[in-house]
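Structure file run-v8.pdb (PDB, C-alpha atoms, pLDDT in the B column) is printed below.
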```
ATOM      1  CA  MET A 117      -2.996   4.300 -33.119  1.00 49.00           C
ATOM      2  CA  SER A 118      -2.111   1.752 -30.443  1.00 60.00           C
ATOM      3  CA  LEU A 119       1.290   1.199 -28.901  1.00 58.00           C
ATOM      4  CA  ILE A 120       1.444  -2.266 -30.450  1.00 61.00           C
ATOM      5  CA  LYS A 121       0.837  -0.942 -33.972  1.00 63.00           C
ATOM      6  CA  THR A 122       3.201   1.997 -33.497  1.00 59.00           C
ATOM      7  CA  LEU A 123       6.137  -0.157 -32.410  1.00 67.00           C
ATOM      8  CA  GLY A 124       5.313  -3.077 -34.700  1.00 76.00           C
ATOM      9  CA  LEU A 125       6.854  -5.587 -32.295  1.00 80.00           C
ATOM     10  CA  PRO A 126       5.536  -9.046 -31.442  1.00 81.00           C
ATOM     11  CA  VAL A 127       3.804  -9.118 -28.054  1.00 85.00           C
ATOM     12  CA  ILE A 128       4.499 -11.682 -25.356  1.00 85.00           C
ATOM     13  CA  GLN A 129       2.489 -12.126 -22.163  1.00 89.00           C
ATOM     14  CA  SER A 130       3.944 -12.504 -18.702  1.00 92.00           C
ATOM     15  CA  ALA A 131       2.654 -12.474 -15.117  1.00 96.00           C
ATOM     16  CA  GLY A 132       4.148 -11.879 -11.719  1.00 96.00           C
ATOM     17  CA  GLY A 133       3.460 -11.139  -8.115  1.00 97.00           C
ATOM     18  CA  LEU A 134       3.931  -8.489  -5.502  1.00 96.00           C
ATOM     19  CA  VAL A 135       4.137 -10.733  -2.447  1.00 96.00           C
ATOM     20  CA  TYR A 136       3.602  -9.463   1.084  1.00 93.00           C
ATOM     21  CA  ASN A 137       3.497 -11.458   4.301  1.00 92.00           C
ATOM     22  CA  ASP A 138       1.779 -11.302   7.692  1.00 90.00           C
ATOM     23  CA  ASP A 139       4.200  -8.567   8.799  1.00 88.00           C
ATOM     24  CA  TYR A 140       3.545  -6.542   5.606  1.00 85.00           C
ATOM     25  CA  HIS A 141       7.074  -7.163   4.401  1.00 93.00           C
ATOM     26  CA  VAL A 142       7.402  -7.193   0.613  1.00 94.00           C
ATOM     27  CA  LEU A 143       9.469  -9.782  -1.237  1.00 97.00           C
ATOM     28  CA  LEU A 144      12.061  -8.405  -3.681  1.00 97.00           C
ATOM     29  CA  ILE A 145      14.434 -10.343  -5.915  1.00 97.00           C
ATOM     30  CA  PHE A 146      17.853  -9.126  -7.073  1.00 97.00           C
ATOM     31  CA  LYS A 147      18.607  -9.806 -10.728  1.00 95.00           C
ATOM     32  CA  LYS A 148      20.961  -8.132 -13.211  1.00 93.00           C
ATOM     33  CA  GLY A 149      21.997  -5.490 -10.675  1.00 96.00           C
ATOM     34  CA  LYS A 150      18.417  -4.369  -9.910  1.00 96.00           C
ATOM     35  CA  TRP A 151      15.699  -5.152  -7.391  1.00 97.00           C
ATOM     36  CA  ASP A 152      12.703  -6.674  -9.123  1.00 96.00           C
ATOM     37  CA  LEU A 153       9.576  -8.733  -8.465  1.00 97.00           C
ATOM     38  CA  PRO A 154       9.177 -12.385  -9.500  1.00 97.00           C
ATOM     39  CA  LYS A 155       7.569 -12.811 -12.912  1.00 95.00           C
ATOM     40  CA  GLY A 156       7.743 -14.851 -16.081  1.00 90.00           C
ATOM     41  CA  GLY A 157       6.126 -15.879 -19.308  1.00 88.00           C
ATOM     42  CA  LEU A 158       2.995 -17.933 -19.749  1.00 83.00           C
ATOM     43  CA  SER A 159       3.707 -21.560 -20.553  1.00 79.00           C
ATOM     44  CA  SER A 160       1.836 -23.306 -23.330  1.00 73.00           C
ATOM     45  CA  LYS A 161       0.040 -25.406 -20.683  1.00 79.00           C
ATOM     46  CA  GLU A 162      -1.351 -22.403 -18.792  1.00 74.00           C
ATOM     47  CA  ASN A 163      -4.522 -20.571 -19.638  1.00 80.00           C
ATOM     48  CA  SER A 164      -4.447 -18.193 -16.691  1.00 90.00           C
ATOM     49  CA  HIS A 165      -2.250 -15.220 -15.861  1.00 93.00           C
ATOM     50  CA  THR A 166      -2.957 -15.909 -12.186  1.00 94.00           C
ATOM     51  CA  LYS A 167      -1.585 -19.463 -12.397  1.00 94.00           C
ATOM     52  CA  THR A 168       1.497 -18.173 -14.198  1.00 95.00           C
ATOM     53  CA  ALA A 169       2.096 -15.557 -11.500  1.00 96.00           C
ATOM     54  CA  VAL A 170       1.870 -18.157  -8.701  1.00 96.00           C
ATOM     55  CA  ARG A 171       4.116 -20.598 -10.581  1.00 95.00           C
ATOM     56  CA  GLU A 172       6.719 -17.907 -11.227  1.00 96.00           C
ATOM     57  CA  VAL A 173       6.768 -16.725  -7.600  1.00 96.00           C
ATOM     58  CA  ASN A 174       7.231 -20.332  -6.519  1.00 96.00           C
ATOM     59  CA  GLU A 175       9.995 -21.042  -9.073  1.00 96.00           C
ATOM     60  CA  GLU A 176      11.946 -17.822  -8.543  1.00 96.00           C
ATOM     61  CA  THR A 177      11.733 -17.638  -4.733  1.00 96.00           C
ATOM     62  CA  GLY A 178      11.002 -21.155  -3.491  1.00 94.00           C
ATOM     63  CA  LEU A 179       7.868 -20.057  -1.622  1.00 95.00           C
ATOM     64  CA  SER A 180       5.257 -22.801  -1.342  1.00 94.00           C
ATOM     65  CA  LYS A 181       2.300 -22.423  -3.705  1.00 94.00           C
ATOM     66  CA  ASP A 182       0.065 -23.649  -0.874  1.00 94.00           C
ATOM     67  CA  LYS A 183       0.924 -20.574   1.210  1.00 95.00           C
ATOM     68  CA  LEU A 184       0.349 -18.026  -1.577  1.00 96.00           C
ATOM     69  CA  ASP A 185      -3.075 -16.436  -1.727  1.00 95.00           C
ATOM     70  CA  VAL A 186      -3.798 -14.297  -4.797  1.00 95.00           C
ATOM     71  CA  LYS A 187      -5.764 -11.246  -3.659  1.00 93.00           C
ATOM     72  CA  GLY A 188      -6.378  -9.762  -7.094  1.00 91.00           C
ATOM     73  CA  LYS A 189      -4.801  -7.974 -10.011  1.00 93.00           C
ATOM     74  CA  ILE A 190      -2.884  -4.766  -9.326  1.00 92.00           C
ATOM     75  CA  VAL A 191      -1.919  -3.369 -12.750  1.00 93.00           C
ATOM     76  CA  SER A 192      -0.232  -4.318 -16.014  1.00 93.00           C
ATOM     77  CA  THR A 193       3.055  -2.919 -17.295  1.00 94.00           C
ATOM     78  CA  TRP A 194       4.635  -2.857 -20.740  1.00 89.00           C
ATOM     79  CA  HIS A 195       8.276  -2.790 -21.762  1.00 83.00           C
ATOM     80  CA  SER A 196      10.403  -3.811 -24.705  1.00 82.00           C
ATOM     81  CA  THR A 197      13.012  -6.496 -24.305  1.00 79.00           C
ATOM     82  CA  ARG A 198      15.002  -9.030 -26.280  1.00 79.00           C
ATOM     83  CA  ASN A 199      14.422 -12.755 -26.353  1.00 76.00           C
ATOM     84  CA  LYS A 200      15.591 -15.567 -28.645  1.00 77.00           C
ATOM     85  CA  LYS A 201      13.412 -14.210 -31.462  1.00 76.00           C
ATOM     86  CA  GLY A 202      14.699 -10.621 -31.181  1.00 81.00           C
ATOM     87  CA  GLN A 203      13.051  -7.439 -29.916  1.00 85.00           C
ATOM     88  CA  VAL A 204       9.573  -7.944 -28.385  1.00 83.00           C
ATOM     89  CA  LEU A 205       6.976  -5.958 -26.461  1.00 86.00           C
ATOM     90  CA  LYS A 206       6.251  -7.592 -23.116  1.00 87.00           C
ATOM     91  CA  LYS A 207       3.019  -7.119 -21.203  1.00 92.00           C
ATOM     92  CA  THR A 208       3.244  -8.183 -17.563  1.00 95.00           C
ATOM     93  CA  HIS A 209       0.096  -8.740 -15.502  1.00 96.00           C
ATOM     94  CA  TRP A 210       0.861  -8.036 -11.834  1.00 96.00           C
ATOM     95  CA  TYR A 211      -1.016  -9.756  -9.007  1.00 96.00           C
ATOM     96  CA  LEU A 212      -1.068  -9.036  -5.315  1.00 95.00           C
ATOM     97  CA  MET A 213      -0.276 -12.146  -3.278  1.00 95.00           C
ATOM     98  CA  HIS A 214      -0.358 -12.714   0.430  1.00 94.00           C
ATOM     99  CA  TYR A 215       2.167 -15.198   1.775  1.00 95.00           C
ATOM    100  CA  ASN A 216       0.556 -16.887   4.773  1.00 92.00           C
ATOM    101  CA  GLY A 217       3.434 -16.580   7.195  1.00 86.00           C
ATOM    102  CA  LYS A 218       6.301 -14.384   8.290  1.00 82.00           C
ATOM    103  CA  ASP A 219       9.719 -13.833   6.707  1.00 82.00           C
ATOM    104  CA  ALA A 220      10.039 -17.378   5.388  1.00 77.00           C
ATOM    105  CA  ASP A 221      13.203 -18.795   3.950  1.00 80.00           C
ATOM    106  CA  VAL A 222      13.466 -18.104   0.259  1.00 90.00           C
ATOM    107  CA  THR A 223      15.695 -19.665  -2.366  1.00 90.00           C
ATOM    108  CA  PRO A 224      16.790 -17.544  -5.318  1.00 93.00           C
ATOM    109  CA  HIS A 225      16.557 -19.270  -8.695  1.00 94.00           C
ATOM    110  CA  LEU A 226      20.214 -18.899  -9.635  1.00 94.00           C
ATOM    111  CA  GLU A 227      19.704 -20.433 -13.102  1.00 93.00           C
ATOM    112  CA  GLU A 228      17.615 -17.371 -14.006  1.00 91.00           C
ATOM    113  CA  GLY A 229      20.188 -14.946 -12.679  1.00 94.00           C
ATOM    114  CA  ILE A 230      18.389 -14.234  -9.410  1.00 96.00           C
ATOM    115  CA  ILE A 231      21.113 -13.922  -6.806  1.00 96.00           C
ATOM    116  CA  GLU A 232      19.038 -12.880  -3.791  1.00 96.00           C
ATOM    117  CA  CYS A 233      15.478 -12.828  -2.481  1.00 96.00           C
ATOM    118  CA  ARG A 234      14.791 -10.464   0.404  1.00 96.00           C
ATOM    119  CA  TRP A 235      11.810  -9.584   2.600  1.00 96.00           C
ATOM    120  CA  VAL A 236      11.720  -5.793   2.987  1.00 96.00           C
ATOM    121  CA  HIS A 237       9.721  -3.847   5.571  1.00 93.00           C
ATOM    122  CA  LEU A 238       7.557  -1.109   4.036  1.00 89.00           C
ATOM    123  CA  SER A 239       9.418   1.548   6.017  1.00 91.00           C
ATOM    124  CA  ASP A 240      12.695   0.414   4.390  1.00 95.00           C
ATOM    125  CA  LEU A 241      11.486   0.414   0.773  1.00 93.00           C
ATOM    126  CA  ASP A 242      12.785   3.918   0.055  1.00 94.00           C
ATOM    127  CA  SER A 243      16.371   2.829   0.616  1.00 96.00           C
ATOM    128  CA  TYR A 244      15.930   0.231  -2.172  1.00 97.00           C
ATOM    129  CA  ARG A 245      14.421   2.640  -4.729  1.00 95.00           C
ATOM    130  CA  PRO A 246      17.689   3.630  -6.453  1.00 96.00           C
ATOM    131  CA  LEU A 247      18.059   0.022  -7.603  1.00 97.00           C
ATOM    132  CA  ILE A 248      14.388  -0.839  -8.216  1.00 96.00           C
ATOM    133  CA  LEU A 249      13.370  -0.918 -11.872  1.00 92.00           C
ATOM    134  CA  THR A 250      11.046   1.976 -12.770  1.00 92.00           C
ATOM    135  CA  ARG A 251       8.175  -0.279 -13.824  1.00 93.00           C
ATOM    136  CA  ILE A 252       8.521  -2.206 -10.548  1.00 95.00           C
ATOM    137  CA  GLN A 253       8.436   1.057  -8.587  1.00 95.00           C
ATOM    138  CA  TYR A 254       5.199   1.834 -10.430  1.00 94.00           C
ATOM    139  CA  VAL A 255       3.660  -1.499  -9.352  1.00 95.00           C
ATOM    140  CA  ILE A 256       4.756  -1.026  -5.734  1.00 93.00           C
ATOM    141  CA  ASP A 257       3.611   2.603  -5.635  1.00 92.00           C
ATOM    142  CA  PHE A 258       0.230   1.729  -7.121  1.00 91.00           C
ATOM    143  CA  TRP A 259      -0.213  -0.870  -4.389  1.00 88.00           C
ATOM    144  CA  LEU A 260       0.979   1.484  -1.644  1.00 86.00           C
ATOM    145  CA  ASP A 261      -1.179   4.391  -2.855  1.00 83.00           C
ATOM    146  CA  ASN A 262      -4.353   2.424  -3.507  1.00 79.00           C
ATOM    147  CA  LEU A 263      -4.484  -1.010  -1.922  1.00 64.00           C
ATOM    148  CA  ALA A 264      -1.899  -1.633   0.804  1.00 61.00           C
ATOM    149  CA  TYR A 265      -4.008  -0.450   3.696  1.00 59.00           C
ATOM    150  CA  GLU A 266      -7.331  -1.957   2.638  1.00 59.00           C
ATOM    151  CA  THR A 267      -8.611  -4.408   5.192  1.00 48.00           C
ATOM    152  CA  ASP A 268     -10.487  -6.647   2.732  1.00 49.00           C
ATOM    153  CA  ILE A 269      -8.006  -6.885  -0.126  1.00 45.00           C
TER
END
```
In structure tokens, what does this structure look like?
Amino acid sequence: MSLIKTLGLPVIQSAGGLVYNDDYHVLLIFKKGKWDLPKGGLSSKENSHTKTAVREVNEETGLSKDKLDVKGKIVSTWHSTRNKKGQVLKKTHWYLMHYNGKDADVTPHLEEGIIECRWVHLSDLDSYRPLILTRIQYVIDFWLDNLAYETDI
């Protein structure tokens, strides 16, 4: 039996990005007391998880869409959450994105509860782990273990 049938919850789709820059710094956002990655739900006008991921990174961090280059899909994660309709099962499609530049200015989307966006050097990631959501740690670790040091990502 599948997870969806076992839980019996409606499923919503979402997409987000693990963004790194020319210095291999990773962009984290701080929301609800935790470090996270930018993500959000598919709009009715979008037919692509990739487009959603780019739009959400742009909206939540202020990074220019023109400087974001989607390198490919990393993984998907699942978690349950509440929305206006009640309890739902959320599937998030995670994409690796290169920001063409250095530690650019970022603007947190305060209306969505994001109070800070921060570029973090790979060597400093461990100090953030206590406040990184488990599913986000999984996305970052998958990237670090499998893709971060590939030359033709």
List, as an MDAnalysis selection string, every residue that the PyMOL selection byres ((chain A and resi 246-250) around 7) selects in the file provided.
-> chainID A and resid 150:152 244:245 251:254
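You can rank A:Gly133, A:Gly202, A:Gly229, A:Gly149 by their closest distance to Val173 of chain A using only C-alpha atoms, and at the top of that list sits A:Gly133.
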Point-to-point distance in Å for atom CA of Lys200 of chain A and atom CA of Gln129 of chain A = 15.0 Å
Apply the PyMOL selection byres ((chain A and resi 211) around 10) to the structure shown and report the selected residues as a PyMOL selection string.
-> chain A and resi 131-135+155+165-166+169-170+186-192+208-210+212-214+255
Of the candidates A:Glu176, A:Thr193, A:Ser159, A:Gln203, which one gets nearest to Leu143 of chain A if we count only C-alpha atoms?
-> A:Glu176
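Closest approach to Pro154 of chain A among A:Gly178, A:Ala220, A:His195, A:His141 is made by A:Gly178 (distances from all atoms listed in the file).
When you apply the PyMOL selection byres ((chain A and resi 127) around 12) to this structure, what comes back is Leu119, Ile120, Lys121, Leu123, Gly124, Leu125, Pro126, Ile128, Gln129, Ser130, Gly157, Trp194, His195, Ser196, Thr197, Arg198, Asn199, Lys201, Gly202, Gln203, Val204, Leu205, Lys206, Lys207 and Thr208 of chain A.
What separates atom CA of Glu228 of chain A from atom CA of Asn174 of chain A is a distance of 13.1 Å.
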Show me as a PyMOL selection string the residues that reach within 7 Å of (22.3, -8.8, -8.3), counting only C-alpha atoms and using the file's own coordinates.
-> chain A and resi 146-150+230-232
